[in-house]
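Everything below concerns the one structure shown next.
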Amino acid sequence: MRLPEIIVLSGRDLEELLKPRVLVDELAKVFMLFSRGKTVTPPRTVMWVEGNWWGIMQSYVPGYGVAVKVVNVIPSNIEKGLPTIQAIVALLDPLRGSPLAVMEGSVLTALRTAAASAISAKYMAPRTDGDIAIIGTGYQARYQLRFIIEYFKPVKVRIYDIRKDALNKFKNYVEDLRLTVYVAKDPVDAVRNARVVIEATTTKEPVIYGDALEPPVHVISIGAHTRDARALDDEVIRKAENIVVDSKKAVIEETGDIRIPCEKGLLSLDKVAELGEVVAGEKPGRKGDGITIFKSVGLAIQDTCAAGLAYKLALERGVGLRVRI
């Protein structure tokens with residue numbers, strides 16, 4: 001018996017299908033399902049290959065399917081002109097077990113990561129004028145900005161990166177969006193007058209300092225994804241009025257930004273909320289005029305949501321390459 005036809009979706013196909021507000025609305029529902037225990041999401045398998053991080057992530061989300069992603073983070077790819085994050089995603093029918101689609105995973109990862117950040121901004125960003133600061137101007141930064149500006153319109157975009165080539169390319173990208181850009185001289189300069197701060201780096205040491213932030217401000221951290229890496233210093237944690245994460249279990253196990261402050265006694269995990277709880281109205285997003293934090297290490301449910309949605313839209317619109325395997 002032959003397997004049914006599958007759809008192969010390129011990064012360009014995903015860009016066409018997964019527009020910011022559509023993906024944000026769908027992913028918000030999925031975060032609620034996750035926090036209510038309605039998804040099947042085993043811990044990711046992590047391995048180190050030639051000094052680089054690799055992950056295998058799998059999840060079942062009702063209404064979206066079963067997806068498995070193989071993803072890696074290879075910082076040295078910057079020197080080779082390749083993305084630091086590469087991945088491939090397979091989507092399968094949860095009842096029949098049949099493969100439905102194979103998708104380019106780097107773009108899908110960038111889209112779903114940006115969508116999670118945008119959800120946090122929707123519920124947690126200050127309702128006052130100010131700038132967006134972006135520290136780390138690589139591949140992910142473009143998606144972060146494109147999604148965030150759907151929910152927070154900046155006076156200007158303040159950018160910083162230790163890599164001048166990446167900084168200049170991103171400056172051109174921001175200007176192409178017809179936004180005013182300011183190139184900061186360091187991370188402290190970057191966050192001045194910022195109401196939203198986005199950290200999208202491969203750092204292992206803090207680049208966001210609590211003493212430099214000017215409340216009200218919402219900090220989004222998607223870097224520092226290993227147990228001993230930190231993007232946020234102790235003062236950010238001490239001063240934060242609210243800390244929200246994608247998964248409490250994942251962040252305490254996978255990122256130093258949460259694990260280390262908890263071990264130091266600076267933070268209690270029971271004071272931390274999940275994004276799904278905020279979306280559901282069970283926990284607050286912004287409480288006042290202080291510092292709020294969204295820390296994300298990325299969840300397989302995000303991949304399954306994005307993949308299932310892309311597959312549905314591809315069927316409706318005739319997008320993608322149809323093949324039999």
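By convention in this document, the chains of the structure tokens carry letters A, B, ... by their order, each chain's residues are numbered from 1, and ligands are numbered from 1 in the order they are shown.
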
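Non-sequential neighbours of Arg324 of chain A (distance at most 12 Å, separation of 4 or more positions within a chain, only C-alpha atoms) are Arg2, Leu3, Pro4, Glu5, Ile6, Ile7, Val8, Ser98, Pro99, Leu100, Ala101 and Val102 of chain A.
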
File dump, residues just selected, N, CA, C and O atoms, as a PDB file, in the first residue's frame:
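Once written, again_26.pdb looks like this:
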ATOM      1  N   ARG A   2       0.570   2.182  -0.892  1.00  0.00           N
ATOM      2  CA  ARG A   2       1.373   3.388  -1.000  1.00  0.00           C
ATOM      3  C   ARG A   2       0.930   4.420   0.031  1.00  0.00           C
ATOM      4  O   ARG A   2      -0.262   4.565   0.322  1.00  0.00           O
ATOM      5  N   LEU A   3       1.914   5.121   0.559  1.00  0.00           N
ATOM      6  CA  LEU A   3       1.603   6.203   1.492  1.00  0.00           C
ATOM      7  C   LEU A   3       0.963   7.365   0.740  1.00  0.00           C
ATOM      8  O   LEU A   3       1.208   7.553  -0.461  1.00  0.00           O
ATOM      9  N   PRO A   4       0.130   8.140   1.433  1.00  0.00           N
ATOM     10  CA  PRO A   4      -0.470   9.293   0.769  1.00  0.00           C
ATOM     11  C   PRO A   4       0.578  10.322   0.385  1.00  0.00           C
ATOM     12  O   PRO A   4       1.699  10.338   0.896  1.00  0.00           O
ATOM     13  N   GLU A   5       0.207  11.181  -0.533  1.00  0.00           N
ATOM     14  CA  GLU A   5       1.078  12.254  -0.982  1.00  0.00           C
ATOM     15  C   GLU A   5       1.408  13.190   0.180  1.00  0.00           C
ATOM     16  O   GLU A   5       0.557  13.448   1.023  1.00  0.00           O
ATOM     17  N   ILE A   6       2.648  13.661   0.227  1.00  0.00           N
ATOM     18  CA  ILE A   6       3.022  14.633   1.253  1.00  0.00           C
ATOM     19  C   ILE A   6       3.350  15.971   0.587  1.00  0.00           C
ATOM     20  O   ILE A   6       3.597  16.036  -0.624  1.00  0.00           O
ATOM     21  N   ILE A   7       3.331  17.011   1.391  1.00  0.00           N
ATOM     22  CA  ILE A   7       3.651  18.351   0.907  1.00  0.00           C
ATOM     23  C   ILE A   7       5.021  18.762   1.445  1.00  0.00           C
ATOM     24  O   ILE A   7       5.303  18.587   2.634  1.00  0.00           O
ATOM     25  N   VAL A   8       5.847  19.280   0.569  1.00  0.00           N
ATOM     26  CA  VAL A   8       7.143  19.831   0.974  1.00  0.00           C
ATOM     27  C   VAL A   8       7.036  21.352   0.905  1.00  0.00           C
ATOM     28  O   VAL A   8       6.677  21.910  -0.143  1.00  0.00           O
ATOM     29  N   SER A  98       0.370   8.703   9.400  1.00  0.00           N
ATOM     30  CA  SER A  98       0.952   8.940   8.083  1.00  0.00           C
ATOM     31  C   SER A  98       1.675  10.281   8.038  1.00  0.00           C
ATOM     32  O   SER A  98       1.204  11.262   8.618  1.00  0.00           O
ATOM     33  N   PRO A  99       2.807  10.355   7.334  1.00  0.00           N
ATOM     34  CA  PRO A  99       3.471  11.652   7.151  1.00  0.00           C
ATOM     35  C   PRO A  99       2.625  12.558   6.261  1.00  0.00           C
ATOM     36  O   PRO A  99       2.078  12.117   5.244  1.00  0.00           O
ATOM     37  N   LEU A 100       2.513  13.819   6.649  1.00  0.00           N
ATOM     38  CA  LEU A 100       1.713  14.790   5.908  1.00  0.00           C
ATOM     39  C   LEU A 100       2.565  15.822   5.188  1.00  0.00           C
ATOM     40  O   LEU A 100       2.226  16.255   4.090  1.00  0.00           O
ATOM     41  N   ALA A 101       3.651  16.242   5.839  1.00  0.00           N
ATOM     42  CA  ALA A 101       4.456  17.320   5.273  1.00  0.00           C
ATOM     43  C   ALA A 101       5.870  17.297   5.834  1.00  0.00           C
ATOM     44  O   ALA A 101       6.107  16.802   6.940  1.00  0.00           O
ATOM     45  N   VAL A 102       6.784  17.834   5.057  1.00  0.00           N
ATOM     46  CA  VAL A 102       8.155  18.099   5.491  1.00  0.00           C
ATOM     47  C   VAL A 102       8.418  19.565   5.202  1.00  0.00           C
ATOM     48  O   VAL A 102       8.095  20.058   4.113  1.00  0.00           O
TER      49      VAL A 102
END

Closest atom pairs, residues of segment 39-91 of chain A within 10 Å of segment 131-143 of chain A, only C-alpha atoms, as JSON lines:
{"residue": "A:Ile78", "atom": "CA", "partner": "A:Gly138", "partner_atom": "CA", "distance": 8.8}
{"residue": "A:Leu82", "atom": "CA", "partner": "A:Tyr139", "partner_atom": "CA", "distance": 9.6}
{"residue": "A:Pro83", "atom": "CA", "partner": "A:Tyr139", "partner_atom": "CA", "distance": 6.7}
{"residue": "A:Thr84", "atom": "CA", "partner": "A:Tyr139", "partner_atom": "CA", "distance": 7.8}
{"residue": "A:Ile85", "atom": "CA", "partner": "A:Tyr139", "partner_atom": "CA", "distance": 8.4}

Could you pull out all residues of segment 68-252 of chain A with a DSSP call of strand (DSSP E or B) and give them as a compact mmCIF listing (two decimals) with N, CA and C atoms, in the first residue's frame?
# COMPACT_ATOMS: atom_id res chain seq x y z
N VAL A 68 7.75 16.60 14.55
CA VAL A 68 9.09 16.31 15.07
C VAL A 68 10.07 17.23 14.35
N LYS A 69 10.90 17.90 15.14
CA LYS A 69 11.90 18.81 14.56
C LYS A 69 13.30 18.40 14.99
N VAL A 70 14.20 18.39 14.05
CA VAL A 70 15.63 18.26 14.34
C VAL A 70 16.24 19.63 14.10
N VAL A 71 16.86 20.19 15.13
CA VAL A 71 17.36 21.56 15.06
C VAL A 71 18.76 21.64 15.65
N ASN A 72 19.57 22.53 15.12
CA ASN A 72 20.91 22.74 15.69
C ASN A 72 21.21 24.22 15.80
N VAL A 73 22.13 24.55 16.70
CA VAL A 73 22.62 25.92 16.85
C VAL A 73 24.14 25.87 16.69
N ILE A 85 21.03 28.89 13.25
CA ILE A 85 20.01 27.89 13.57
C ILE A 85 19.52 27.27 12.27
N GLN A 86 19.59 25.92 12.19
CA GLN A 86 19.07 25.20 11.05
C GLN A 86 18.20 24.05 11.55
N ALA A 87 17.18 23.70 10.76
CA ALA A 87 16.26 22.68 11.23
C ALA A 87 15.43 22.13 10.08
N ILE A 88 14.83 20.97 10.35
CA ILE A 88 13.84 20.40 9.45
C ILE A 88 12.70 19.86 10.31
N VAL A 89 11.47 19.98 9.81
CA VAL A 89 10.29 19.61 10.58
C VAL A 89 9.45 18.63 9.77
N ALA A 90 9.01 17.55 10.43
CA ALA A 90 8.09 16.60 9.82
C ALA A 90 6.75 16.67 10.56
N LEU A 91 5.66 16.74 9.80
CA LEU A 91 4.30 16.75 10.37
C LEU A 91 3.61 15.45 10.01
N LEU A 92 2.95 14.84 11.01
CA LEU A 92 2.28 13.55 10.81
C LEU A 92 0.85 13.59 11.31
N PRO A 99 2.81 10.35 7.33
CA PRO A 99 3.47 11.65 7.15
C PRO A 99 2.62 12.56 6.26
N LEU A 100 2.51 13.82 6.65
CA LEU A 100 1.71 14.79 5.91
C LEU A 100 2.57 15.82 5.19
N ALA A 101 3.65 16.24 5.84
CA ALA A 101 4.46 17.32 5.27
C ALA A 101 5.87 17.30 5.83
N VAL A 102 6.78 17.83 5.06
CA VAL A 102 8.16 18.10 5.49
C VAL A 102 8.42 19.57 5.20
N MET A 103 8.99 20.26 6.18
CA MET A 103 9.14 21.71 6.05
C MET A 103 10.55 22.16 6.41
N GLU A 104 11.00 23.22 5.75
CA GLU A 104 12.24 23.87 6.13
C GLU A 104 12.06 24.40 7.56
N ASP A 131 10.93 53.43 22.43
CA ASP A 131 11.68 52.72 21.40
C ASP A 131 11.64 51.22 21.61
N ILE A 132 11.99 50.50 20.56
CA ILE A 132 12.30 49.07 20.64
C ILE A 132 13.81 48.94 20.56
N ALA A 133 14.40 48.21 21.50
CA ALA A 133 15.83 47.92 21.46
C ALA A 133 16.03 46.46 21.08
N ILE A 134 16.95 46.23 20.17
CA ILE A 134 17.27 44.85 19.77
C ILE A 134 18.76 44.63 19.93
N ILE A 135 19.11 43.73 20.81
CA ILE A 135 20.51 43.37 21.04
C ILE A 135 20.73 41.99 20.44
N VAL A 157 13.98 52.36 16.40
CA VAL A 157 14.52 51.02 16.71
C VAL A 157 16.00 51.18 17.02
N ARG A 158 16.39 50.81 18.24
CA ARG A 158 17.76 50.95 18.71
C ARG A 158 18.42 49.57 18.58
N ILE A 159 19.55 49.49 17.91
CA ILE A 159 20.15 48.19 17.62
C ILE A 159 21.61 48.14 18.06
N TYR A 160 22.02 46.93 18.48
CA TYR A 160 23.42 46.73 18.87
C TYR A 160 23.82 45.29 18.58
N VAL A 181 16.06 54.24 12.72
CA VAL A 181 16.99 53.34 13.39
C VAL A 181 18.11 54.14 14.06
N TYR A 182 18.52 53.65 15.23
CA TYR A 182 19.64 54.23 15.97
C TYR A 182 20.63 53.11 16.27
N VAL A 183 21.87 53.28 15.85
CA VAL A 183 22.91 52.29 16.10
C VAL A 183 23.58 52.62 17.43
N ALA A 194 13.93 52.67 25.85
CA ALA A 194 13.27 51.53 25.23
C ALA A 194 12.12 51.04 26.10
N ARG A 195 10.98 50.87 25.49
CA ARG A 195 9.82 50.30 26.18
C ARG A 195 9.74 48.79 25.95
N VAL A 196 10.36 48.32 24.87
CA VAL A 196 10.49 46.89 24.59
C VAL A 196 11.95 46.61 24.28
N VAL A 197 12.53 45.64 24.96
CA VAL A 197 13.92 45.23 24.73
C VAL A 197 13.92 43.77 24.31
N ILE A 198 14.55 43.50 23.18
CA ILE A 198 14.62 42.13 22.66
C ILE A 198 16.08 41.69 22.65
N GLU A 199 16.35 40.59 23.32
CA GLU A 199 17.68 39.99 23.31
C GLU A 199 17.63 38.75 22.44
N ILE A 208 21.91 42.24 29.17
CA ILE A 208 20.83 43.11 29.64
C ILE A 208 21.07 43.35 31.13
N VAL A 217 9.19 48.96 31.00
CA VAL A 217 9.85 48.28 29.91
C VAL A 217 9.53 46.79 29.97
N HIS A 218 9.37 46.20 28.79
CA HIS A 218 9.17 44.77 28.67
C HIS A 218 10.40 44.16 28.01
N VAL A 219 11.02 43.20 28.69
CA VAL A 219 12.24 42.55 28.20
C VAL A 219 11.90 41.16 27.67
N ILE A 220 12.30 40.90 26.45
CA ILE A 220 12.10 39.59 25.81
C ILE A 220 13.47 38.97 25.59
N SER A 221 13.70 37.80 26.18
CA SER A 221 14.99 37.13 26.04
C SER A 221 14.79 35.77 25.39
N LEU A 232 20.47 37.85 31.06
CA LEU A 232 19.94 38.82 32.01
C LEU A 232 20.77 38.79 33.29
N ALA A 240 12.45 42.98 38.47
CA ALA A 240 11.28 42.65 37.66
C ALA A 240 10.01 42.55 38.51
N GLU A 241 8.94 43.20 38.04
CA GLU A 241 7.66 43.09 38.73
C GLU A 241 6.91 41.83 38.31
N ASN A 242 7.28 41.29 37.15
CA ASN A 242 6.63 40.07 36.68
C ASN A 242 7.54 39.34 35.71
N ILE A 243 7.65 38.03 35.89
CA ILE A 243 8.44 37.20 35.00
C ILE A 243 7.55 36.11 34.44
N VAL A 244 7.50 36.02 33.12
CA VAL A 244 6.67 35.05 32.42
C VAL A 244 7.57 34.21 31.52
N VAL A 245 7.29 32.93 31.41
CA VAL A 245 8.11 32.02 30.60
C VAL A 245 7.21 31.19 29.70

Expressed in Å, the length from atom CA of Glu50 of chain A to atom CA of Ile260 of chain A is 26.0 Å

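Closest approach to Thr180 of chain A among A:Arg146, A:His225, A:Lys156, A:Lys239 is made by A:Lys156 (distances from only C-alpha atoms).
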